[in-house]
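Below is my_file_38.txt, holding compact mmCIF, C-alpha atoms.
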```txt
# COMPACT_ATOMS: atom_id res chain seq x y z
CA MET A 1 31.15 -10.52 -4.96
CA THR A 2 30.55 -13.26 -7.53
CA ASP A 3 27.11 -14.78 -8.14
CA ALA A 4 28.30 -17.96 -6.40
CA ASP A 5 29.47 -15.96 -3.37
CA GLU A 6 26.16 -14.15 -3.25
CA ARG A 7 24.18 -17.41 -3.40
CA SER A 8 26.34 -18.79 -0.62
CA SER A 9 25.83 -15.68 1.53
CA ARG A 10 22.11 -15.81 1.00
CA HIS A 11 22.08 -19.49 1.86
CA ARG A 12 23.82 -18.90 5.20
CA VAL A 13 21.63 -15.92 6.07
CA ALA A 14 18.57 -17.97 5.09
CA ALA A 15 19.58 -20.76 7.48
CA THR A 16 19.95 -18.30 10.34
CA GLN A 17 16.65 -16.59 9.61
CA ALA A 18 14.86 -19.93 9.26
CA LEU A 19 16.01 -20.98 12.74
CA VAL A 20 15.10 -17.61 14.26
CA ALA A 21 11.67 -17.57 12.62
CA ALA A 22 10.90 -21.15 13.67
CA PHE A 23 11.91 -20.37 17.24
CA LEU A 24 9.83 -17.19 17.40
CA SER A 25 6.72 -18.77 15.92
CA SER A 26 6.72 -22.24 17.45
CA ALA A 27 6.64 -23.18 21.14
CA GLU A 28 7.82 -26.66 20.17
CA VAL A 29 10.92 -25.36 18.40
CA GLU A 30 11.50 -22.96 21.29
CA ARG A 31 11.51 -25.85 23.78
CA GLY A 32 13.82 -27.84 21.54
CA VAL A 33 16.34 -25.03 21.05
CA ARG A 34 16.39 -24.20 24.75
CA ALA A 35 17.03 -27.88 25.56
CA ASP A 36 19.54 -28.66 22.83
CA PRO A 37 20.84 -25.70 20.82
CA VAL A 38 23.56 -27.79 19.19
CA ALA A 39 21.09 -30.19 17.61
CA TRP A 40 18.77 -27.43 16.40
CA ALA A 41 21.59 -25.36 14.95
CA ALA A 42 22.70 -28.44 13.01
CA HIS A 43 19.12 -29.21 11.93
CA PHE A 44 18.77 -25.76 10.33
CA GLY A 45 22.39 -25.47 9.23
CA ALA A 46 22.62 -22.24 11.26
CA PRO A 47 25.53 -21.02 13.38
CA LEU A 48 25.58 -22.47 16.89
CA ALA A 49 26.00 -18.94 18.31
CA VAL A 50 22.56 -18.05 16.95
CA ALA A 51 20.92 -21.10 18.55
CA GLU A 52 22.68 -20.36 21.83
CA ARG A 53 21.52 -16.76 21.76
CA LEU A 54 17.95 -17.91 21.10
CA ALA A 55 18.20 -20.39 23.98
CA ARG A 56 19.09 -17.49 26.30
CA LEU A 57 16.24 -15.22 25.14
CA ASP A 58 14.20 -13.88 28.03
CA ALA A 59 10.80 -15.63 28.20
CA HIS A 60 8.91 -12.42 28.96
CA ARG A 61 10.43 -10.67 25.96
CA LEU A 62 9.53 -13.60 23.75
CA ALA A 63 5.95 -13.56 25.07
CA ALA A 64 5.75 -9.81 24.34
CA PHE A 65 7.03 -10.39 20.80
CA ARG A 66 4.45 -13.13 20.20
CA ALA A 67 1.64 -10.97 21.61
CA SER A 68 2.69 -8.16 19.27
CA MET A 69 2.81 -10.65 16.39
CA ARG A 70 -0.77 -11.78 17.14
CA HIS A 71 -1.93 -8.18 17.42
CA LYS A 72 -0.47 -7.30 14.02
CA GLN A 73 -2.10 -10.40 12.55
CA ASP A 74 -5.49 -9.37 14.00
CA MET A 75 -5.12 -5.93 12.43
CA ARG A 76 -4.20 -7.44 9.06
CA GLU A 77 -7.30 -9.60 9.25
CA GLY A 78 -9.45 -6.51 9.67
CA LYS A 79 -9.88 -6.11 13.43
CA ALA A 80 -10.77 -2.46 13.93
CA PRO A 81 -8.61 -0.41 16.27
CA THR A 82 -10.25 0.76 19.49
CA ARG A 83 -11.25 4.40 19.78
CA LEU A 84 -10.97 6.59 22.86
CA ARG A 85 -14.08 8.51 23.83
CA GLN A 86 -14.29 12.23 23.15
CA MET B 1 18.42 24.82 7.97
CA GLN B 2 15.24 24.06 6.06
CA ARG B 3 11.84 24.02 7.77
CA VAL B 4 10.64 20.49 8.58
CA SER B 5 7.15 19.31 7.58
CA VAL B 6 5.00 17.66 10.23
CA GLY B 7 2.06 15.34 9.73
CA LEU B 8 0.22 12.14 10.53
CA GLY B 9 0.16 8.57 9.43
CA VAL B 10 -3.13 8.12 7.51
CA ARG B 11 -5.42 5.51 9.04
CA ASP B 12 -8.84 4.59 7.63
CA ALA B 13 -10.59 5.75 10.80
CA TYR B 14 -9.43 9.31 10.16
CA GLY B 15 -9.88 9.49 6.39
CA SER B 16 -13.13 11.45 6.25
CA GLU B 17 -12.13 13.69 9.18
CA LEU B 18 -8.89 14.58 7.44
CA LEU B 19 -10.79 15.44 4.28
CA ALA B 20 -13.11 17.68 6.32
CA ILE B 21 -10.27 19.81 7.70
CA ARG B 22 -10.83 23.41 6.58
CA ASP B 23 -7.46 24.89 7.54
CA ARG B 24 -5.02 22.99 5.37
CA GLY B 25 -2.14 24.52 7.35
CA VAL B 26 -2.73 22.36 10.43
CA LEU B 27 -0.80 19.64 8.57
CA ASP B 28 2.15 19.77 6.18
CA VAL B 29 2.36 16.17 4.99
CA LEU B 30 0.65 12.76 5.32
CA GLU B 31 2.10 9.27 5.29
CA VAL B 32 0.17 6.39 3.70
CA MET B 33 0.71 2.69 4.45
CA ILE B 34 1.52 1.51 0.96
CA ASP B 35 0.67 -2.15 1.66
CA ASP B 36 -2.92 -1.00 2.24
CA GLY B 37 -2.99 0.52 -1.23
CA LEU B 38 -1.97 -2.38 -3.43
CA GLU B 39 -5.52 -3.49 -4.22
CA ALA B 40 -8.42 -1.46 -5.57
CA SER B 41 -10.57 -0.14 -2.73
CA PRO B 42 -12.39 3.04 -1.65
CA ARG B 43 -9.27 3.87 0.35
CA LEU B 44 -7.46 4.78 -2.86
CA GLU B 45 -9.99 7.48 -3.65
CA THR B 46 -9.49 8.87 -0.13
CA TRP B 47 -5.73 8.91 -0.71
CA ARG B 48 -6.22 10.65 -4.05
CA ARG B 49 -8.27 13.38 -2.40
CA LEU B 50 -5.83 13.69 0.50
CA GLY B 51 -2.97 13.88 -1.98
CA ALA B 52 -4.67 16.79 -3.68
CA ARG B 53 -4.45 18.72 -0.41
CA TRP B 54 -1.16 17.58 1.13
CA PRO B 55 2.10 16.02 -0.06
CA LEU B 56 2.13 12.25 0.54
CA ILE B 57 4.95 9.96 1.59
CA ALA B 58 4.73 6.17 1.84
CA HIS B 59 5.65 3.62 4.49
CA GLY B 60 5.71 -0.16 4.12
CA THR B 61 5.61 -3.15 6.46
CA GLU B 62 5.57 -6.23 4.25
CA LEU B 63 8.76 -6.03 2.19
CA GLY B 64 11.26 -7.55 4.64
CA ILE B 65 14.25 -5.76 3.12
CA ALA B 66 16.73 -7.73 5.25
CA SER B 67 15.30 -11.10 4.22
CA ALA B 68 17.54 -13.79 2.78
CA GLU B 69 14.91 -14.18 0.09
CA PRO B 70 15.30 -11.52 -2.63
CA PRO B 71 12.35 -9.12 -2.91
CA ASP B 72 9.49 -10.58 -4.91
CA PRO B 73 9.46 -8.76 -8.29
CA GLY B 74 5.67 -9.09 -8.47
CA TYR B 75 5.26 -7.45 -5.09
CA LEU B 76 7.67 -4.65 -6.04
CA LYS B 77 5.76 -4.07 -9.26
CA ARG B 78 2.53 -3.64 -7.32
CA VAL B 79 4.24 -1.34 -4.80
CA ALA B 80 5.74 0.75 -7.59
CA LYS B 81 2.32 1.09 -9.20
CA ALA B 82 0.74 2.12 -5.89
CA LEU B 83 3.52 4.63 -5.19
CA GLY B 84 3.05 6.15 -8.63
CA ARG B 85 -0.72 6.32 -8.22
CA ALA B 86 -0.34 8.18 -4.92
CA HIS B 87 2.43 10.48 -6.26
CA VAL B 88 4.50 9.96 -3.10
CA HIS B 89 7.79 11.77 -2.50
CA TRP B 90 9.57 8.76 -0.97
CA TYR B 91 9.03 5.22 0.35
CA SER B 92 10.35 3.73 3.59
CA GLU B 93 10.63 0.27 5.09
CA HIS B 94 11.92 -1.38 8.26
CA LEU B 95 15.47 -2.66 8.47
CA ALA B 96 14.26 -6.15 9.27
CA PHE B 97 13.01 -9.44 7.90
CA VAL B 98 9.36 -10.43 8.35
CA ALA B 99 9.24 -13.88 6.78
CA THR B 100 11.29 -16.78 5.52
CA LYS B 101 10.52 -19.22 2.73
CA ASP B 102 8.55 -21.36 5.20
CA THR B 103 7.44 -19.02 7.98
CA ALA B 104 5.49 -15.77 7.79
CA LEU B 105 6.11 -13.92 11.04
CA GLY B 106 4.30 -10.75 10.05
CA HIS B 107 6.52 -8.96 12.55
CA PHE B 108 9.86 -7.21 12.25
CA VAL B 109 13.00 -9.05 13.30
CA PRO B 110 15.95 -6.65 13.15
CA LEU B 111 18.92 -7.15 10.89
CA GLY B 112 21.97 -8.78 12.46
CA SER B 113 25.50 -7.44 12.27
CA SER B 114 27.32 -9.80 9.94
CA GLU B 115 28.90 -8.74 6.66
CA GLU B 116 26.82 -11.43 4.94
CA GLU B 117 23.60 -9.88 6.19
CA LEU B 118 24.80 -6.47 5.02
CA ALA B 119 25.63 -7.87 1.59
CA VAL B 120 22.13 -9.33 1.32
CA LEU B 121 20.67 -5.99 2.39
CA ARG B 122 22.71 -4.12 -0.23
CA ASP B 123 21.52 -6.43 -3.00
CA ASN B 124 17.91 -6.36 -1.84
CA VAL B 125 17.92 -2.56 -1.77
CA ALA B 126 19.41 -2.51 -5.26
CA ALA B 127 16.52 -4.70 -6.41
CA VAL B 128 14.03 -2.27 -4.86
CA ARG B 129 15.75 0.70 -6.43
CA ALA B 130 15.65 -0.93 -9.85
CA ARG B 131 11.86 -1.14 -9.70
CA VAL B 132 10.70 1.69 -7.43
CA PRO B 133 11.04 5.18 -8.87
CA VAL B 134 11.23 7.20 -5.63
CA PRO B 135 13.90 7.52 -2.89
CA PHE B 136 13.97 4.62 -0.45
CA LEU B 137 14.54 5.08 3.32
CA LEU B 138 15.35 2.50 5.98
CA GLU B 139 13.83 2.61 9.46
CA ASN B 140 15.36 1.36 12.71
CA PRO B 141 12.79 -1.18 14.00
CA SER B 142 11.99 -1.74 17.65
CA ASP B 143 13.82 -4.74 19.09
CA ILE B 144 11.54 -6.04 21.81
CA LEU B 145 13.53 -9.29 21.93
CA GLY B 146 16.72 -7.45 22.88
CA TRP B 147 18.31 -9.59 20.21
CA GLU B 148 21.63 -7.73 20.30
CA ALA B 149 21.04 -5.59 23.37
CA GLU B 150 24.43 -6.38 24.79
CA LEU B 151 26.02 -4.37 21.98
CA GLY B 152 24.84 -1.17 23.68
CA GLY B 153 23.69 2.12 22.18
CA HIS B 154 26.91 3.12 20.45
CA SER B 155 27.39 -0.17 18.61
CA LEU B 156 23.74 -0.41 17.65
CA GLY B 157 23.86 3.17 16.31
CA ALA B 158 27.04 2.36 14.40
CA ARG B 159 25.39 -0.76 12.97
CA TYR B 160 22.40 1.27 11.76
CA ALA B 161 24.79 3.83 10.26
CA ARG B 162 26.73 1.07 8.50
CA SER B 163 23.54 -0.46 7.10
CA LEU B 164 22.50 2.91 5.68
CA GLU B 165 25.94 3.41 4.20
CA VAL B 166 26.09 -0.05 2.60
CA ALA B 167 22.57 0.31 1.22
CA GLU B 168 23.18 3.93 0.21
CA CYS B 169 19.87 4.91 1.77
CA GLY B 170 18.53 7.77 3.80
CA ALA B 171 17.22 7.13 7.30
CA LEU B 172 13.73 7.07 8.66
CA LEU B 173 14.73 7.40 12.30
CA ASP B 174 12.04 6.17 14.68
CA LEU B 175 12.71 8.05 17.90
CA THR B 176 10.20 6.02 19.88
CA ASN B 177 11.79 2.72 18.85
CA LEU B 178 15.14 4.18 19.84
CA LEU B 179 13.95 5.40 23.25
CA LEU B 180 12.03 2.24 24.15
CA ASP B 181 14.91 -0.06 23.16
CA ALA B 182 17.27 2.10 25.22
CA LYS B 183 14.99 1.85 28.27
CA ASN B 184 14.46 -1.89 27.89
CA ASP B 185 18.12 -2.64 27.38
CA GLY B 186 19.72 -0.04 29.64
CA TRP B 187 21.71 2.10 27.25
CA ASP B 188 21.79 5.80 26.48
CA PRO B 189 19.91 6.89 23.31
CA MET B 190 22.44 9.69 22.87
CA HIS B 191 25.15 7.07 22.38
CA PHE B 192 23.11 5.61 19.48
CA LEU B 193 22.66 9.06 17.91
CA ASP B 194 26.32 9.96 18.41
CA ALA B 195 27.32 6.87 16.41
CA MET B 196 25.07 7.80 13.48
CA ASP B 197 25.60 10.13 10.58
CA LEU B 198 22.59 12.34 11.28
CA GLU B 199 22.97 13.87 7.82
CA ARG B 200 21.31 10.70 6.53
CA VAL B 201 18.09 11.36 8.46
CA VAL B 202 15.32 12.38 6.07
CA GLN B 203 12.28 11.46 8.13
CA ILE B 204 11.41 10.85 11.78
CA HIS B 205 8.63 8.73 13.30
CA VAL B 206 7.27 9.36 16.77
CA ALA B 207 4.54 7.45 18.61
CA GLY B 208 3.48 6.59 22.13
CA GLY B 209 4.18 3.17 23.60
CA ARG B 210 3.00 1.42 26.75
CA PHE B 211 4.76 -0.15 29.73
CA ASP B 212 3.65 -3.67 30.69
CA GLY B 213 5.36 -3.62 34.08
CA ALA B 214 8.62 -4.98 32.77
CA LEU B 215 8.98 -3.88 29.16
CA HIS B 216 8.30 -0.75 27.15
CA ILE B 217 6.27 -1.82 24.11
CA ASP B 218 6.15 0.11 20.82
CA SER B 219 2.36 -0.13 20.66
CA HIS B 220 1.46 3.16 18.94
CA ASP B 221 -1.51 3.50 21.29
CA HIS B 222 -0.60 6.36 23.64
CA ASP B 223 0.37 10.00 23.42
CA VAL B 224 3.95 10.85 22.52
CA THR B 225 6.02 11.49 25.66
CA ASP B 226 7.88 14.68 26.64
CA GLU B 227 11.11 12.71 26.48
CA THR B 228 10.44 11.96 22.81
CA TRP B 229 9.72 15.62 22.02
CA ASP B 230 13.01 16.56 23.71
CA LEU B 231 14.84 14.03 21.57
CA LEU B 232 13.11 15.42 18.46
CA ALA B 233 14.43 18.91 19.31
CA HIS B 234 17.91 17.44 19.75
CA VAL B 235 17.90 15.61 16.40
CA GLY B 236 16.10 18.45 14.62
CA ALA B 237 18.96 20.79 15.47
CA ARG B 238 21.53 18.42 13.98
CA ALA B 239 19.93 16.57 11.06
CA SER B 240 20.16 19.13 8.27
CA GLN B 241 18.52 16.85 5.66
CA LEU B 242 15.48 16.14 7.85
CA ARG B 243 12.35 16.86 5.82
CA ALA B 244 9.38 15.34 7.67
CA VAL B 245 8.17 14.19 11.07
CA ILE B 246 5.23 11.79 11.17
CA ILE B 247 3.14 10.93 14.24
CA GLU B 248 1.96 7.31 14.21
CA ARG B 249 -1.14 6.12 16.03
CA ASP B 250 -2.62 2.65 15.45
CA ASP B 251 -4.84 1.86 18.44
CA ARG B 252 -6.77 3.55 21.24
CA LEU B 253 -7.43 6.16 18.60
CA PRO B 254 -8.19 9.59 20.05
CA PRO B 255 -10.29 12.27 18.34
CA LEU B 256 -8.41 13.78 15.40
CA ASP B 257 -8.05 17.07 17.29
CA ALA B 258 -5.86 15.29 19.85
CA LEU B 259 -3.53 14.09 17.11
CA LEU B 260 -3.45 17.58 15.62
CA GLY B 261 -2.38 18.72 19.10
CA GLU B 262 0.55 16.32 18.80
CA VAL B 263 1.40 17.90 15.44
CA SER B 264 1.56 21.24 17.26
CA ARG B 265 3.86 19.74 19.89
CA ALA B 266 6.15 18.40 17.17
CA ARG B 267 6.25 21.85 15.62
CA ALA B 268 7.10 23.35 19.03
CA ALA B 269 9.97 20.88 19.44
CA LEU B 270 11.24 21.72 15.96
CA ALA B 271 10.93 25.44 16.71
CA LYS B 272 13.43 24.93 19.54
CA ALA B 273 15.77 23.52 16.90
CA GLY B 274 15.11 26.41 14.51
CA ARG B 275 13.30 24.08 12.08
CA ALA B 276 9.62 25.14 12.37
```
Using structure tokens, write down the structure from this file.
Amino acid sequence: MTDADERSSRHRVAATQALVAAFLSSAEVERGVRADPVAWAAHFGAPLAVAERLARLDAHRLAAFRASMRHKQDMREGKAPTRLRQ
Amino acid sequence: MQRVSVGLGVRDAYGSELLAIRDRGVLDVLEVMIDDGLEASPRLETWRRLGARWPLIAHGTELGIASAEPPDPGYLKRVAKALGRAHVHWYSEHLAFVATKDTALGHFVPLGSSEEELAVLRDNVAAVRARVPVPFLLENPSDILGWEAELGGHSLGARYARSLEVAECGALLDLTNLLLDAKNDGWDPMHFLDAMDLERVVQIHVAGGRFDGALHIDSHDHDVTDETWDLLAHVGARASQLRAVIIERDDRLPPLDALLGEVSRARAALAKAGRA
């Protein structure tokens, strides 16, 4: 692969990941993608198939992912884990 | 086949208790979270003392090896320094991205299947290898989103195998992630394993998850299940390069003795495979 090919690959993967990350972290982007995946795919320069897959993501699974994301953030910020009693 | 070492993921809450263990033989190995060791802190002295008693291996969460952004050389330099300080035998990360240029998720999003993503992975791993002086393993992350669930166990296993092959890396196979994804998405974990080259498996993670009524969550806050131990015996009998099994626990922390009991259960599972 040439350097130009590699930059191009990275650019396309970056567009996909940017759309996925925005969807996962923002309720506003989530609503937008679910309502109009074509527009949001174009906005990020990502493949339409990715936007369509995001639009179909199960809401409960997404909520579980976001809860896990918040939990990891709490731990990073120093929240102590709970301990079970002896 | 060679005996497999069994141990725990080091967490701060257990540091002094681990150091107080009199019978060193209750553990074979410990795994440190390398991202917790990048800055000077009392934790490093605990690791140094633990490392004097047991071999250490390292696990990371912040690298994002599948990210479109190349690994940050400054971050890798700090990781390499921390790995050297702890004298670890190898370093592992999740086959996932955790951030983009604009958004820090702080959570693993699994690698997709495209050749472009694999090419990015290959180059990112090469960048890690150029700076990190120990073997590098890739872990199958949990996919709570069911991002590519429709592929089924065989295709997902084949994708993991292909990623390891392209990156020329050994596997850190997380059996709990595998089992929970299989339950959530309705496929057979054996199909995933059958599609893998188990000779690449160097390390295994096991943990206990929870069920929220609809989904099995990889929460690391319960005991390891019998089903997981059975799967460990199955893989242990087939993965000839397997060197270590680590039990992870991050919340609802039990007394250390309970975790040492899980070490014994891992050893019992490996004994069934002739690896204890």
Selected residue, from A:Leu19, A:Ala55, A:Ala4, A:Leu24, that lies nearest to Ala41 of chain A when counting only C-alpha atoms: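 Of the candidates, the smallest distance to Ala41 of chain A is held by A:Leu19.
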Would you give me, as JSON lines, each residue of chain A having an atom within 6 Å of an atom of chain B, along with its shortest atom pair and that distance in Å to one decimal, using only C-alpha atoms and sorting by chain and residue number?
```
{"residue": "A:Ser9", "atom": "CA", "partner": "B:Glu116", "partner_atom": "CA", "distance": 5.5}
{"residue": "A:Arg10", "atom": "CA", "partner": "B:Ala68", "partner_atom": "CA", "distance": 5.3}
{"residue": "A:Val13", "atom": "CA", "partner": "B:Ala68", "partner_atom": "CA", "distance": 5.7}
{"residue": "A:Ala14", "atom": "CA", "partner": "B:Ala68", "partner_atom": "CA", "distance": 4.9}
{"residue": "A:Arg61", "atom": "CA", "partner": "B:Leu145", "partner_atom": "CA", "distance": 5.3}
{"residue": "A:Met69", "atom": "CA", "partner": "B:His107", "partner_atom": "CA", "distance": 5.6}
{"residue": "A:Pro81", "atom": "CA", "partner": "B:Asp251", "partner_atom": "CA", "distance": 4.9}
{"residue": "A:Thr82", "atom": "CA", "partner": "B:Arg252", "partner_atom": "CA", "distance": 4.8}
{"residue": "A:Arg83", "atom": "CA", "partner": "B:Leu253", "partner_atom": "CA", "distance": 4.4}
{"residue": "A:Leu84", "atom": "CA", "partner": "B:Pro254", "partner_atom": "CA", "distance": 5.0}
```
Nearest to Asp28 of chain B by atom-to-atom distance, counting all atoms listed in the file, from B:Leu156, B:Ala161, B:Leu56, B:Leu179: B:Leu56
Nearest candidate to His11 of chain A (options A:Arg76, A:Leu57, A:Ser26, A:Phe44; using all atoms listed in the file):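 Under the stated criterion, the closest residue is A:Phe44.
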Atom pair atom CA of Gly15 of chain B / atom CA of Val201 of chain B: separation (Å): 28.1 Å
Selected residue of minimal separation from Thr61 of chain B among B:Leu138, B:Ala40, B:Leu164, B:Val235, counting all atoms listed in the file: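 Of the candidates, the smallest distance to Thr61 of chain B is held by B:Leu138.
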Nearest to Arg49 of chain B, chosen from B:Ile65, B:Val26, B:Leu19, B:Ala276, with only C-alpha atoms counted in the distances: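 Residue with the minimum atom-to-atom distance to Arg49 of chain B: B:Leu19.
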List as an mmCIF file with C-alpha atoms, in the frame of the given file: which residues have an atom within 6 Å of (2.9, 8.2, 14.7), counting only C-alpha atoms?
```
data_model
loop_
_atom_site.group_PDB
_atom_site.id
_atom_site.type_symbol
_atom_site.label_atom_id
_atom_site.label_comp_id
_atom_site.auth_asym_id
_atom_site.auth_seq_id
_atom_site.Cartn_x
_atom_site.Cartn_y
_atom_site.Cartn_z
ATOM 1 C CA GLY B 9 0.160 8.570 9.430
ATOM 2 C CA HIS B 205 8.630 8.730 13.300
ATOM 3 C CA VAL B 206 7.270 9.360 16.770
ATOM 4 C CA ALA B 207 4.540 7.450 18.610
ATOM 5 C CA ILE B 246 5.230 11.790 11.170
ATOM 6 C CA ILE B 247 3.140 10.930 14.240
ATOM 7 C CA GLU B 248 1.960 7.310 14.210
ATOM 8 C CA ARG B 249 -1.140 6.120 16.030
#
```
Straight-line distance linking atom CA of Leu48 of chain A with atom CA of His60 of chain A, stated in Å to one decimal: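 Atom CA of His60 of chain A lies at a distance of 22.9 Å from atom CA of Leu48 of chain A.
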Selected residue, from B:Gly84, B:Gly153, B:Pro42, B:Gly64, that lies nearest to Lys183 of chain B when counting only C-alpha atoms: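 For Lys183 of chain B, the nearest of the candidates is B:Gly153.
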Distance of atom CA of Lys77 of chain B from atom CA of Glu45 of chain B, expressed in Å to one decimal place: 20.3 Å
Who sits within 8 Å of Ala46 of chain A, all atoms listed in the file, same chain under 6 positions skipped, as an MDAnalysis selection string: chainID A and resid 12 15:16 19
Which polymer residues have any atom within 10 Å of an atom of Leu27 of chain B, counting all atoms listed in the file, with same-chain residues fewer than 6 positions away left out, as a short mmCIF file (atom, residue, chain, number, x, y, z; two decimals) with C-alpha atoms, in the frame of the given file?
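Listed below is the output, out_28.cif:
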```cif
data_model
loop_
_atom_site.label_atom_id
_atom_site.label_comp_id
_atom_site.auth_asym_id
_atom_site.auth_seq_id
_atom_site.Cartn_x
_atom_site.Cartn_y
_atom_site.Cartn_z
CA SER B 5 7.15 19.31 7.58
CA VAL B 6 5.00 17.66 10.23
CA GLY B 7 2.06 15.34 9.73
CA LEU B 8 0.22 12.14 10.53
CA LEU B 18 -8.89 14.58 7.44
CA ILE B 21 -10.27 19.81 7.70
CA ARG B 53 -4.45 18.72 -0.41
CA TRP B 54 -1.16 17.58 1.13
CA PRO B 55 2.10 16.02 -0.06
CA LEU B 260 -3.45 17.58 15.62
CA VAL B 263 1.40 17.90 15.44
CA SER B 264 1.56 21.24 17.26
#
```
Non-local contacts of Asp36 of chain A (12 Å; all atoms listed in the file; under 5 positions in same chain excluded) as number ranges by chain: A: 29-31, 41-43, 48, 51-52, 54-56
